[in-house]
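Student: Here you go, one structure.
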Amino acid sequence: MPRFAVLIVAAGKGERAGTSLPKQYEALAGQPMLRRTVQAFAGHPVQVVIGPGQEALARAALAGLDLPAPVPGGATRQESVRLGLEALGQDAPDFVLIHDAARPLVSAKVIAAVIAALEGGAEGALPMVAAADTLRRRDAHGHFTLVSRENLYRAQTPQGFIYARILAAHRQHAATEVTDDVALAELAGMTVAMVEGEEKNIKVTRKEDFALAETLLGATGDVRTATGYDVHKFTAGDHIWLCGLKLPHSHGLEGHSDADVGLHAITDALLGCIGEGDIGMHFPPTDERWRGAASWKFLDHAASLVRAKGGVITHVDVTLICERPKVGPHRDAMKAKVAEILGLELSRVSVKATTTEGLGFTGRREGIAAQAIATVRL
Ligand code: CTP
Ligand code: MG
């Protein structure tokens, strides 16, 4: 049972945007908006809800991402959310984050704030930003009267909830029309915590919002890169672990854990991006817990440390340096394995290999070296 699941509603027609495709399938800086929105939640299980007849558009927009098949939505956003929540019931999570496909700029920081509120005991969590403009309301006679903006806030998504409670609220109040899920949560008496939203987390609504979103996308925050390097020595044995794969080999690799040099180098690169020391610091070789440990656990741990800081892993690249085994035949499987551990799409993972032309310790087949580089957006 996953602790957190993400429901992304993309079943609307995008009438106000008036684009040729429904807005969530239109390209935003070269990628379909829905794809960007889904990728903002990398590392979490995501369920997408789509409209009738949008199957082919969704397939194209989400190609290559590791997602369950989209489920059909309804005539209103509220109905789409309810149908999506029902679909999650197959493998019900503890908490669900409900998000608009039309908000592709949601940051890891906002997602982390919603999750933190739920983990801290809130039944619901709502990201908001204070209204900055002076506001006026038009009355029946067309007059615009001043409304104080003091204490006025704008609600955003993702809105997070205890899954079972928000599902019950949606079922119970299906006939009451509301514009967001927190409104239903409150009808059902749930306590909702307010968390910081972000100005840039806009809902792409009108055609001109595409240009604004593209400008905001260009203004990414902090991009970090760091390297990792590791060596393990050959020893007697009949297999090695390399980039998460068990390969039969004439020798084994010596090490306290499973001695997977490839995953160790990537782990160090990720730790380097957030200034969190190295693998030996987090998993000391003197600690009996890590004897024979599977190295994907180290990599998974480094990735969760990055995410806990609000980081998004955008790319990892590793070069394996050895005469044997030949890496070529296993490269695709290694890429897939690393992508799976990190929750990344395949194009964000690269596995390369080289020999050293018989020179040095790798040339003498005394061991394998690996060097990696990782890129993280914070
Ligand atoms: N949505 C949905 N099902 C609906 C209507 C809306 O899943 N029946 C989704 C949209 O795809 C969008 C989000 O809810 O991601 C927020 O809705 P909105 O921005 O209003 O999108 P649209 O309804 O598609 O746009 P419009 O109202 O302009 O037609
Ligand atoms: Mg709408």
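Convention: chains lettered A, B, ... in structure tokens order; per-chain residue numbering from 1; ligands numbered from 1 as shown.
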Please give me, as a PyMOL selection string, the residues lying within 10 Å of ligand 2 when counting only C-alpha atoms and all ligand atoms.
Tutor: chain A and resi 11-16+75-77+102+179+205
Student: Using only N, CA and C atoms, please write the residues we just selected to a file, as a PDB file, in the first residue's frame.
Tutor:
ATOM      1  N   ALA A  11      -9.098  15.895 -17.408  1.00  0.00           N
ATOM      2  CA  ALA A  11     -10.243  15.474 -18.219  1.00  0.00           C
ATOM      3  C   ALA A  11     -11.035  16.660 -18.765  1.00  0.00           C
ATOM      4  N   GLY A  12     -10.497  17.879 -18.589  1.00  0.00           N
ATOM      5  CA  GLY A  12     -11.239  19.057 -19.036  1.00  0.00           C
ATOM      6  C   GLY A  12     -11.110  19.284 -20.537  1.00  0.00           C
ATOM      7  N   LYS A  13     -11.912  20.246 -21.036  1.00  0.00           N
ATOM      8  CA  LYS A  13     -11.882  20.564 -22.468  1.00  0.00           C
ATOM      9  C   LYS A  13     -11.027  21.792 -22.756  1.00  0.00           C
ATOM     10  N   GLY A  14     -10.677  22.537 -21.715  1.00  0.00           N
ATOM     11  CA  GLY A  14      -9.840  23.715 -21.904  1.00  0.00           C
ATOM     12  C   GLY A  14     -10.521  24.756 -22.779  1.00  0.00           C
ATOM     13  N   GLU A  15     -11.812  25.007 -22.543  1.00  0.00           N
ATOM     14  CA  GLU A  15     -12.561  25.906 -23.433  1.00  0.00           C
ATOM     15  C   GLU A  15     -12.062  27.342 -23.396  1.00  0.00           C
ATOM     16  N   ARG A  16     -11.690  27.826 -22.201  1.00  0.00           N
ATOM     17  CA  ARG A  16     -11.244  29.223 -22.119  1.00  0.00           C
ATOM     18  C   ARG A  16      -9.923  29.435 -22.846  1.00  0.00           C
ATOM     19  N   ALA A  75     -17.985  14.934 -16.272  1.00  0.00           N
ATOM     20  CA  ALA A  75     -18.358  16.180 -16.929  1.00  0.00           C
ATOM     21  C   ALA A  75     -17.841  17.411 -16.184  1.00  0.00           C
ATOM     22  N   THR A  76     -17.577  17.276 -14.877  1.00  0.00           N
ATOM     23  CA  THR A  76     -17.027  18.398 -14.107  1.00  0.00           C
ATOM     24  C   THR A  76     -15.722  17.949 -13.456  1.00  0.00           C
ATOM     25  N   ARG A  77     -14.938  18.935 -13.018  1.00  0.00           N
ATOM     26  CA  ARG A  77     -13.689  18.593 -12.323  1.00  0.00           C
ATOM     27  C   ARG A  77     -13.988  17.743 -11.106  1.00  0.00           C
ATOM     28  N   ALA A 102      -3.468  21.388 -15.332  1.00  0.00           N
ATOM     29  CA  ALA A 102      -3.243  22.741 -15.836  1.00  0.00           C
ATOM     30  C   ALA A 102      -2.254  23.553 -14.984  1.00  0.00           C
ATOM     31  N   THR A 179     -15.787  24.164  -6.138  1.00  0.00           N
ATOM     32  CA  THR A 179     -14.725  24.351  -7.140  1.00  0.00           C
ATOM     33  C   THR A 179     -13.411  23.705  -6.756  1.00  0.00           C
ATOM     34  N   THR A 205      -4.875  28.893 -17.964  1.00  0.00           N
ATOM     35  CA  THR A 205      -6.318  28.958 -18.192  1.00  0.00           C
ATOM     36  C   THR A 205      -6.629  29.572 -19.555  1.00  0.00           C
TER      37      THR A 205
END
Student: Can you tell me which residues surround Leu152 (chain A) at a distance of at most 7 Å, considering only C-alpha atoms, apart from same-chain residues fewer than 3 positions away, and format the answer as number ranges by chain?
Tutor: A: 130-131, 149
Student: May I ask which of the residues A:Val351, A:Ala370, A:Val106, A:Ala40 is the closest one to Ala213 (chain A), counting only C-alpha atoms?
Tutor: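 Distance minimum relative to Ala213 (chain A) lands on A:Val106.
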Student: Assign secondary structure with DSSP using the backbone only, and return the residues of region 159-323 of chain A in helix (DSSP H, G or I) as an MDAnalysis selection string.
Tutor: chainID A and resid 163:172 181:187 208:218 261:273 279:282 288:290 296:308
Student: With a distance cut-off of 12 Å and only C-alpha atoms, select the neighbouring residues of Gly218 (chain A), excluding the residue or stretch itself and same-chain residues fewer than 4 positions from it, and output the selection as a list in words.
Tutor: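 Everything that qualifies: Leu28, Ala29, Leu105, Lys200, Ala211, Leu212, Ala213, Glu214 and Asp222 of chain A.
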Student: Could you write those residues out with C-alpha atoms, as an mmCIF file, in the first residue's frame?
Tutor:
data_model
loop_
_atom_site.group_PDB
_atom_site.id
_atom_site.type_symbol
_atom_site.label_atom_id
_atom_site.label_comp_id
_atom_site.auth_asym_id
_atom_site.auth_seq_id
_atom_site.Cartn_x
_atom_site.Cartn_y
_atom_site.Cartn_z
ATOM 1 C CA LEU A 28 4.594 23.978 -23.380
ATOM 2 C CA ALA A 29 8.254 24.743 -24.138
ATOM 3 C CA LEU A 105 4.823 24.677 -12.760
ATOM 4 C CA LYS A 200 4.591 30.726 -10.207
ATOM 5 C CA ALA A 211 3.610 32.383 -22.903
ATOM 6 C CA LEU A 212 3.684 33.298 -19.209
ATOM 7 C CA ALA A 213 4.238 29.652 -18.214
ATOM 8 C CA GLU A 214 7.072 29.342 -20.735
ATOM 9 C CA ASP A 222 19.209 26.532 -8.651
#
Student: Skip Val48 (chain A) itself and residues of its chain fewer than 4 positions away, then list as a ChimeraX atom specification all residues within 8 Å of it, counting only C-alpha atoms.
Tutor: /A:7-10,69-71,84
Student: Which residue out of A:Pro72, A:Gly30, A:Gly367, A:Pro93 has the minimum interatomic distance to Arg3 (chain A) when only C-alpha atoms are used?
Tutor: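 Ranked by minimum distance to Arg3 (chain A), first place goes to A:Pro93.
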Student: Find, counting only C-alpha atoms, the residue in A:Thr355, A:Thr319, A:Thr235, A:Gln159 that gets nearest to Phe95 (chain A).
Tutor: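 Checking each of A:Thr355, A:Thr319, A:Thr235, A:Gln159 against Phe95 (chain A), counting only C-alpha atoms, the winner is A:Gln159.
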Student: Counting only C-alpha atoms and all ligand atoms, which residue out of A:Ala112, A:Asp180, A:Ala56, A:Arg165 sits closest to ligand 1?
Tutor: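 Using only C-alpha atoms and all ligand atoms, the shortest distance to ligand 1 belongs to A:Asp180.
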Student: What is the distance between atom 3 (N, counted along the ligand's line) of ligand 1 and CA of Ser80 (chain A), in Å to one decimal?
Tutor: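 Computed distance, atom 3 (N, counted along the ligand's line) of ligand 1 to CA of Ser80 (chain A), equals 4.8 Å.
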Student: Kindly indicate which residue among A:Phe283, A:Trp241, A:Tyr25, A:Phe4 lies nearest to ligand 1, using only C-alpha atoms and all ligand atoms for the distances.
Tutor: A:Tyr25
Student: Please identify which residues in region 63-249 of chain A DSSP calls strand (DSSP E) from the backbone, and express them as an MDAnalysis selection string.
Tutor: chainID A and resid 71:72 95:100 124:130 135:138 144:147 153:155 159:162 192:196 223:235 239:242 245:248
Student: Find, counting only C-alpha atoms, the residue in A:Glu208, A:Glu366, A:Glu150, A:Glu345 that gets nearest to His232 (chain A).
Tutor: A:Glu366
Student: Hey, what's within 9 Å of Ser350 (chain A) if we count only C-alpha atoms and toss same-chain stuff fewer than 5 positions away? As a PyMOL selection string, please?
Tutor: chain A and resi 315-319+331+335+338
Student: What would the file look like if the residues just selected were written as a compact mmCIF listing (two decimals), in the first residue's frame with C-alpha atoms?
Tutor:
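Just written: part_21.txt:
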# COMPACT_ATOMS: atom_id res chain seq x y z
CA HIS A 315 19.67 13.58 -14.98
CA VAL A 316 22.28 11.01 -14.00
CA ASP A 317 25.12 9.72 -16.14
CA VAL A 318 27.59 6.97 -15.23
CA THR A 319 30.69 5.67 -17.03
CA ARG A 331 23.38 -1.25 -21.09
CA LYS A 335 19.54 2.14 -17.69
CA VAL A 338 18.68 2.95 -12.53
Student: Tell me, in Å to one decimal, how far atom 4 (C, counted along the ligand's line) of ligand 1 is from CA of Gln78 (chain A).
Tutor: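 CA of Gln78 (chain A) lies at a distance of 7.2 Å from atom 4 (C, counted along the ligand's line) of ligand 1.
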Student: Report, in Å to a single decimal, how far apart CA of Gly160 (chain A) and CA of Gly124 (chain A) are.
Tutor: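 Taking CA of Gly124 (chain A) and CA of Gly160 (chain A), their separation equals 5.4 Å.
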Student: Compile the contact shell of Pro127 (chain A) as an NGL selection string: residues with an atom at most 12 Å away, counting only C-alpha atoms, same-chain residues fewer than 6 positions apart removed.
Tutor: :A and (97-99 or 106-107 or 109-117 or 153-160 or 182 or 192-199 or 201)
Student: With a distance cut-off of 9 Å and only C-alpha atoms, select the neighbouring residues of Leu85 (chain A), excluding the residue or stretch itself and same-chain residues fewer than 5 positions from it, and output the selection as a list in words.
Tutor: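 Here the qualifying residues turn out to be Leu7, Ser80, Ala92, Val96, Tyr163, Ile166, Leu167 and His170 of chain A.
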